[in-house]
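Asks: I am sharing coords-v2.pdb, which consists of PDB, C-alpha atoms:
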```
ATOM      1  CA  MET A 234     108.739 103.771  67.682
ATOM      2  CA  THR A 235     106.516 106.723  68.391
ATOM      3  CA  ASP A 236     106.831 108.166  71.872
ATOM      4  CA  ARG A 237     103.278 109.460  72.213
ATOM      5  CA  LEU A 238     100.095 107.674  73.326
ATOM      6  CA  VAL A 239      98.045 110.598  72.009
ATOM      7  CA  GLN A 240      99.209 114.130  71.372
ATOM      8  CA  ASP A 241      98.068 115.519  74.716
ATOM      9  CA  ASP A 242      99.447 112.677  76.816
ATOM     10  CA  GLY A 243     103.167 113.207  76.284
ATOM     11  CA  PRO A 244     105.776 110.464  75.885
ATOM     12  CA  PHE A 245     105.389 106.892  77.020
ATOM     13  CA  PRO A 246     107.218 106.682  80.361
ATOM     14  CA  PRO A 247     109.706 103.809  80.773
ATOM     15  CA  ASP A 248     107.629 102.391  83.664
ATOM     16  CA  PRO A 249     103.890 101.629  83.236
ATOM     17  CA  PHE A 250     103.157 102.610  86.843
ATOM     18  CA  THR A 251     104.170 106.183  86.052
ATOM     19  CA  LEU A 252     101.452 106.319  83.393
ATOM     20  CA  LEU A 253      98.950 104.415  85.547
ATOM     21  CA  ARG A 254      99.320 106.938  88.375
ATOM     22  CA  THR A 255      98.454 109.778  85.989
ATOM     23  CA  TRP A 256      95.255 107.948  85.017
ATOM     24  CA  THR A 257      94.074 107.053  88.543
ATOM     25  CA  PRO A 258      93.078 109.311  91.449
ATOM     26  CA  PRO A 259      95.308 109.514  94.535
ATOM     27  CA  ASP A 260      95.018 106.522  96.838
ATOM     28  CA  ASP A 261      93.250 108.583  99.514
ATOM     29  CA  ASP A 262      90.563 109.778  97.075
ATOM     30  CA  PRO A 263      87.298 108.073  98.168
ATOM     31  CA  ALA A 264      86.171 107.796  94.525
ATOM     32  CA  ARG A 265      88.029 104.593  93.768
ATOM     33  CA  PRO A 266      87.978 103.221  90.215
ATOM     34  CA  ALA A 267      85.945 100.073  89.641
ATOM     35  CA  ALA A 268      87.805  97.182  88.024
ATOM     36  CA  THR A 269      86.951  93.752  86.661
ATOM     37  CA  LEU A 270      88.979  91.038  88.391
ATOM     38  CA  ALA A 271      89.459  87.776  86.478
ATOM     39  CA  THR A 272      90.560  84.555  88.176
ATOM     40  CA  VAL A 273      90.390  80.818  87.382
ATOM     41  CA  ASP A 274      88.301  78.263  89.276
ATOM     42  CA  ASP A 275      89.051  74.630  90.157
ATOM     43  CA  ALA A 276      87.676  73.422  86.817
ATOM     44  CA  GLY A 277      89.970  75.785  84.907
ATOM     45  CA  LEU A 278      87.081  78.070  83.927
ATOM     46  CA  PRO A 279      87.598  81.835  83.990
ATOM     47  CA  ASP A 280      85.655  83.810  86.569
ATOM     48  CA  ALA A 281      85.116  87.568  86.804
ATOM     49  CA  ARG A 282      83.589  90.179  89.085
ATOM     50  CA  THR A 283      83.891  93.883  89.899
ATOM     51  CA  VAL A 284      86.142  95.167  92.696
ATOM     52  CA  LEU A 285      87.433  98.591  93.690
ATOM     53  CA  LEU A 286      91.053  99.463  92.960
ATOM     54  CA  SER A 287      92.483 100.420  96.360
ATOM     55  CA  THR A 288      96.010 101.644  95.631
ATOM     56  CA  VAL A 289      98.571 102.046  92.867
ATOM     57  CA  GLY A 290     102.116 101.453  94.090
ATOM     58  CA  SER A 291     105.497 101.347  92.397
ATOM     59  CA  ASP A 292     105.201  97.734  91.221
ATOM     60  CA  ALA A 293     101.689  96.572  92.206
ATOM     61  CA  VAL A 294      98.044  97.552  92.519
ATOM     62  CA  THR A 295      95.843  96.426  95.389
ATOM     63  CA  PHE A 296      92.198  95.517  95.917
ATOM     64  CA  HIS A 297      90.271  94.191  98.916
ATOM     65  CA  THR A 298      87.548  91.659  99.534
ATOM     66  CA  ASP A 299      86.083  89.129 101.965
ATOM     67  CA  SER A 300      88.429  86.220 102.674
ATOM     68  CA  ARG A 301      85.433  83.835 102.428
ATOM     69  CA  SER A 302      84.589  84.964  98.904
ATOM     70  CA  ARG A 303      84.914  82.905  95.745
ATOM     71  CA  LYS A 304      87.648  85.177  94.396
ATOM     72  CA  ALA A 305      89.709  84.874  97.584
ATOM     73  CA  GLU A 306      89.395  81.086  97.473
ATOM     74  CA  GLN A 307      90.523  81.038  93.848
ATOM     75  CA  LEU A 308      93.464  83.366  94.509
ATOM     76  CA  ARG A 309      94.650  81.202  97.393
ATOM     77  CA  ALA A 310      94.649  78.165  95.083
ATOM     78  CA  ARG A 311      95.998  79.937  91.987
ATOM     79  CA  PRO A 312      97.625  83.294  92.841
ATOM     80  CA  ARG A 313      97.394  84.748  89.329
ATOM     81  CA  ALA A 314      94.857  87.234  88.015
ATOM     82  CA  ALA A 315      93.972  89.886  85.477
ATOM     83  CA  LEU A 316      92.490  93.251  86.352
ATOM     84  CA  VAL A 317      90.712  95.543  83.874
ATOM     85  CA  VAL A 318      90.201  99.170  84.884
ATOM     86  CA  ARG A 319      87.950 101.264  82.629
ATOM     87  CA  TRP A 320      87.252 104.977  82.569
ATOM     88  CA  GLU A 321      84.250 105.354  80.254
ATOM     89  CA  LYS A 322      84.108 109.171  80.140
ATOM     90  CA  GLN A 323      87.814 109.442  79.342
ATOM     91  CA  ALA A 324      87.670 106.532  76.860
ATOM     92  CA  ARG A 325      90.521 104.806  78.677
ATOM     93  CA  GLN A 326      91.222 101.257  79.786
ATOM     94  CA  VAL A 327      94.151  99.394  81.290
ATOM     95  CA  VAL A 328      94.597  95.613  81.610
ATOM     96  CA  LEU A 329      97.072  94.251  84.169
ATOM     97  CA  ARG A 330      98.052  90.561  84.282
ATOM     98  CA  GLY A 331     100.318  88.982  86.867
ATOM     99  CA  THR A 332     100.692  87.281  90.225
ATOM    100  CA  THR A 333      98.909  88.054  93.484
ATOM    101  CA  ALA A 334      99.820  87.973  97.170
ATOM    102  CA  GLU A 335      98.051  89.040 100.343
ATOM    103  CA  THR A 336      98.890  92.501 101.635
ATOM    104  CA  SER A 337      99.910  93.348 105.203
ATOM    105  CA  ALA A 338      97.401  93.836 108.017
ATOM    106  CA  GLU A 339      98.502  97.474 108.270
ATOM    107  CA  GLU A 340      97.788  98.104 104.600
ATOM    108  CA  GLN A 341      94.439  96.343 104.872
ATOM    109  CA  ALA A 342      93.447  98.545 107.820
ATOM    110  CA  THR A 343      94.448 101.704 105.946
ATOM    111  CA  ALA A 344      92.389 100.693 102.913
ATOM    112  CA  PHE A 345      89.380  99.891 105.114
ATOM    113  CA  GLY A 346      89.622 103.281 106.812
ATOM    114  CA  ARG A 347      89.411 105.018 103.430
ATOM    115  CA  LEU A 348      86.173 103.285 102.453
ATOM    116  CA  PRO A 349      82.856 105.133 102.509
ATOM    117  CA  ARG A 350      80.707 104.251 105.525
ATOM    118  CA  TYR A 351      78.350 102.167 103.361
ATOM    119  CA  LEU A 352      81.162  99.877 102.189
ATOM    120  CA  GLN A 353      82.544  99.522 105.718
ATOM    121  CA  LEU A 354      79.128  98.361 106.897
ATOM    122  CA  LEU A 355      78.813  96.058 103.918
ATOM    123  CA  ALA A 356      82.139  94.405 104.777
ATOM    124  CA  TRP A 357      80.656  93.446 108.155
ATOM    125  CA  LEU A 358      77.104  92.579 107.107
ATOM    126  CA  ASN A 359      77.434  91.013 103.662
ATOM    127  CA  THR A 360      77.080  87.478 105.002
ATOM    128  CA  ALA A 361      75.138  84.375 103.993
ATOM    129  CA  GLU A 362      73.040  84.772 107.159
ATOM    130  CA  THR A 363      72.059  88.334 106.228
ATOM    131  CA  ALA A 364      71.455  87.381 102.593
ATOM    132  CA  ALA A 365      68.900  84.773 103.694
ATOM    133  CA  LEU A 366      66.732  87.412 105.381
ATOM    134  CA  GLY A 367      63.887  89.319 103.760
ATOM    135  CA  ARG A 368      64.462  92.885 102.684
ATOM    136  CA  LEU A 369      62.871  94.527 105.740
ATOM    137  CA  GLN A 370      64.846  92.281 108.094
ATOM    138  CA  ARG A 371      68.073  93.038 106.219
ATOM    139  CA  GLU A 372      67.443  96.767 106.433
ATOM    140  CA  ARG A 373      66.575  96.589 110.148
ATOM    141  CA  ARG A 374      69.734  94.619 110.867
ATOM    142  CA  TRP A 375      71.758  97.160 108.860
ATOM    143  CA  ALA A 376      70.267 100.139 110.700
ATOM    144  CA  ALA A 377      70.799  98.552 114.120
ATOM    145  CA  PHE A 378      74.407  97.620 113.393
ATOM    146  CA  ASP A 379      75.080 101.097 111.996
ATOM    147  CA  ALA A 380      73.695 102.756 115.130
ATOM    148  CA  GLU A 381      75.608 100.436 117.491
ATOM    149  CA  HIS A 382      78.991 100.879 115.743
ATOM    150  CA  PRO A 383      79.779 104.542 115.037
ATOM    151  CA  VAL A 384      83.412 103.597 114.345
ATOM    152  CA  LEU A 385      84.373 100.380 112.599
ATOM    153  CA  ASP A 386      87.625  98.475 112.346
ATOM    154  CA  PRO A 387      88.081  95.927 109.559
ATOM    155  CA  PRO A 388      86.207  92.660 110.134
ATOM    156  CA  PRO A 389      88.329  89.525 110.623
ATOM    157  CA  THR A 390      87.368  88.454 107.098
ATOM    158  CA  TRP A 391      88.765  91.610 105.445
ATOM    159  CA  VAL A 392      91.716  90.799 103.183
ATOM    160  CA  GLY A 393      93.769  92.645 100.600
ATOM    161  CA  TYR A 394      95.648  91.432  97.546
ATOM    162  CA  ALA A 395      98.503  92.981  95.637
ATOM    163  CA  LEU A 396      98.607  92.237  91.919
ATOM    164  CA  ARG A 397     102.155  92.512  90.550
ATOM    165  CA  PRO A 398     101.798  92.623  86.776
ATOM    166  CA  VAL A 399     104.170  91.233  84.189
ATOM    167  CA  ASP A 400     102.017  92.569  81.347
ATOM    168  CA  VAL A 401     100.223  95.938  81.251
ATOM    169  CA  LEU A 402      98.147  97.138  78.302
ATOM    170  CA  PHE A 403      96.898 100.724  78.043
ATOM    171  CA  TRP A 404      94.142 101.740  75.612
ATOM    172  CA  GLU A 405      92.793 105.183  74.855
ATOM    173  CA  GLY A 406      90.045 106.053  72.389
ATOM    174  CA  SER A 407      89.535 109.222  70.400
ATOM    175  CA  GLU A 408      86.541 110.775  68.668
ATOM    176  CA  HIS A 409      88.839 112.298  66.051
ATOM    177  CA  GLY A 410      90.985 109.369  64.968
ATOM    178  CA  PRO A 411      92.105 105.818  65.669
ATOM    179  CA  SER A 412      92.361 104.567  69.212
ATOM    180  CA  ARG A 413      95.827 103.671  70.423
ATOM    181  CA  ARG A 414      97.319 101.008  72.648
ATOM    182  CA  VAL A 415     100.692 100.549  74.280
ATOM    183  CA  ARG A 416     101.808  97.293  75.855
ATOM    184  CA  TYR A 417     104.404  96.969  78.615
ATOM    185  CA  ARG A 418     105.992  93.569  79.231
ATOM    186  CA  LEU A 419     108.315  92.856  82.133
ATOM    187  CA  THR A 420     111.637  91.388  80.979
ATOM    188  CA  PRO A 421     114.859  90.517  82.841
ATOM    189  CA  ASN A 422     116.084  93.962  81.783
ATOM    190  CA  GLY A 423     113.010  95.878  82.912
ATOM    191  CA  TRP A 424     109.870  96.997  81.123
ATOM    192  CA  ALA A 425     109.703  96.764  77.324
ATOM    193  CA  ARG A 426     107.219  99.030  75.514
ATOM    194  CA  GLU A 427     105.389  98.311  72.269
ATOM    195  CA  PRO A 428     102.753 100.521  70.587
ATOM    196  CA  LEU A 429      99.888  98.522  69.100
ATOM    197  CA  PRO A 430      96.978  99.312  66.796
ATOM    198  CA  GLY A 431      93.784 100.140  68.663
TER     199      GLY A 431
END
```
Starting from the file, lay out its structure as structure tokens.
Replies:
Amino acid sequence: MTDRLVQDDGPFPPDPFTLLRTWTPPDDDPARPAATLATVDDAGLPDARTVLLSTVGSDAVTFHTDSRSRKAEQLRARPRAALVVRWEKQARQVVLRGTTAETSAEEQATAFGRLPRYLQLLAWLNTAETAALGRLQRERRWAAFDAEHPVLDPPPTWVGYALRPVDVLFWEGSEHGPSRRVRYRLTPNGWAREPLPG
């Protein structure tokens, strides 16, 4: 088995989170990567939407959302998901599949504090009541709330989820040759690595 993803990337580490941390910015970097979160609804149909990747830990990644959202409802009923993170300019992608669980209130507060002001306001104001208003009314409500709340704590509906993968697939493209993939699968003996064609 080859030990290189591409020549400049060095050997495959034994643990996929080691490689994932080299691909993602530090957790306190406000430029969080966007990711596609896939869940399953009550009818067994797949569902997908974009979220921000909040943190990369030693055995899980986290993302945050509104506890009233469709994705939160689906994760409460079926705590399994897939997350696809894509870096277009670097021609990189990683797919993580596994189980989910809610994160602690402390972790949720930390993640909220790292959000840009716009996303903090959105967490409070992205409601069905606001959505029913016309554009000018929505913008007036936004401006008034912004002015009245110079500092914001997480809303009661703010929730975080940790995705603990059992399968992680890295892909990297190249303009000068074939793309490459490496798959990590969690086994009773730890992570097993397998290079795959692109």
Asks: Around all the atoms of region 261-274 of chain A listed in the file, with 4 Å of room on each side, what axis-aligned box do you get, giving centre and edge lengths in Å to one decimal, as AutoDock Vina command-line options?
Replies:
```
--center_x 89.6 --center_y 94.0 --center_z 93.0 --size_x 15.3 --size_y 39.5 --size_z 21.0
```
Asks: Near region 272-288 of chain A, within 10 Å and counting all atoms listed in the file, which residues show up once chain neighbours fewer than 5 positions away are dropped, as a PyMOL selection string?
Replies: chain A and resi 254+257-267+293-298+303-308+310-318+340-341+343-345+347-348+393-395
Asks: Taking the file as shown, find all residues satisfying the PyMOL selection byres ((chain A and resi 415) around 7) and write them as a PDB file with C-alpha atoms, in the frame of the given file.
Replies:
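Contents of the output file result30.pdb:
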```pdb
ATOM      1  CA  LEU A 402      98.147  97.138  78.302  1.00  0.00           C
ATOM      2  CA  PHE A 403      96.898 100.724  78.043  1.00  0.00           C
ATOM      3  CA  TRP A 404      94.142 101.740  75.612  1.00  0.00           C
ATOM      4  CA  ARG A 413      95.827 103.671  70.423  1.00  0.00           C
ATOM      5  CA  ARG A 414      97.319 101.008  72.648  1.00  0.00           C
ATOM      6  CA  ARG A 416     101.808  97.293  75.855  1.00  0.00           C
ATOM      7  CA  TYR A 417     104.404  96.969  78.615  1.00  0.00           C
ATOM      8  CA  ARG A 426     107.219  99.030  75.514  1.00  0.00           C
ATOM      9  CA  GLU A 427     105.389  98.311  72.269  1.00  0.00           C
ATOM     10  CA  PRO A 428     102.753 100.521  70.587  1.00  0.00           C
ATOM     11  CA  LEU A 429      99.888  98.522  69.100  1.00  0.00           C
TER      12      LEU A 429
END
```
Asks: Taking the file as shown, find all residues satisfying the PyMOL selection byres ((chain A and resi 385) around 10) and write them as a list in words.
Replies: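 Here the PyMOL selection byres ((chain A and resi 385) around 10) matches Phe345, Gly346, Arg350, Gln353, Leu354, Trp357, Asp379, His382, Pro383, Val384, Asp386, Pro387 and Pro388 of chain A.
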Asks: Tell me, in Å to one decimal, how far CA of Lys322 (chain A) is from CA of Trp256 (chain A).
Replies: 12.2 Å
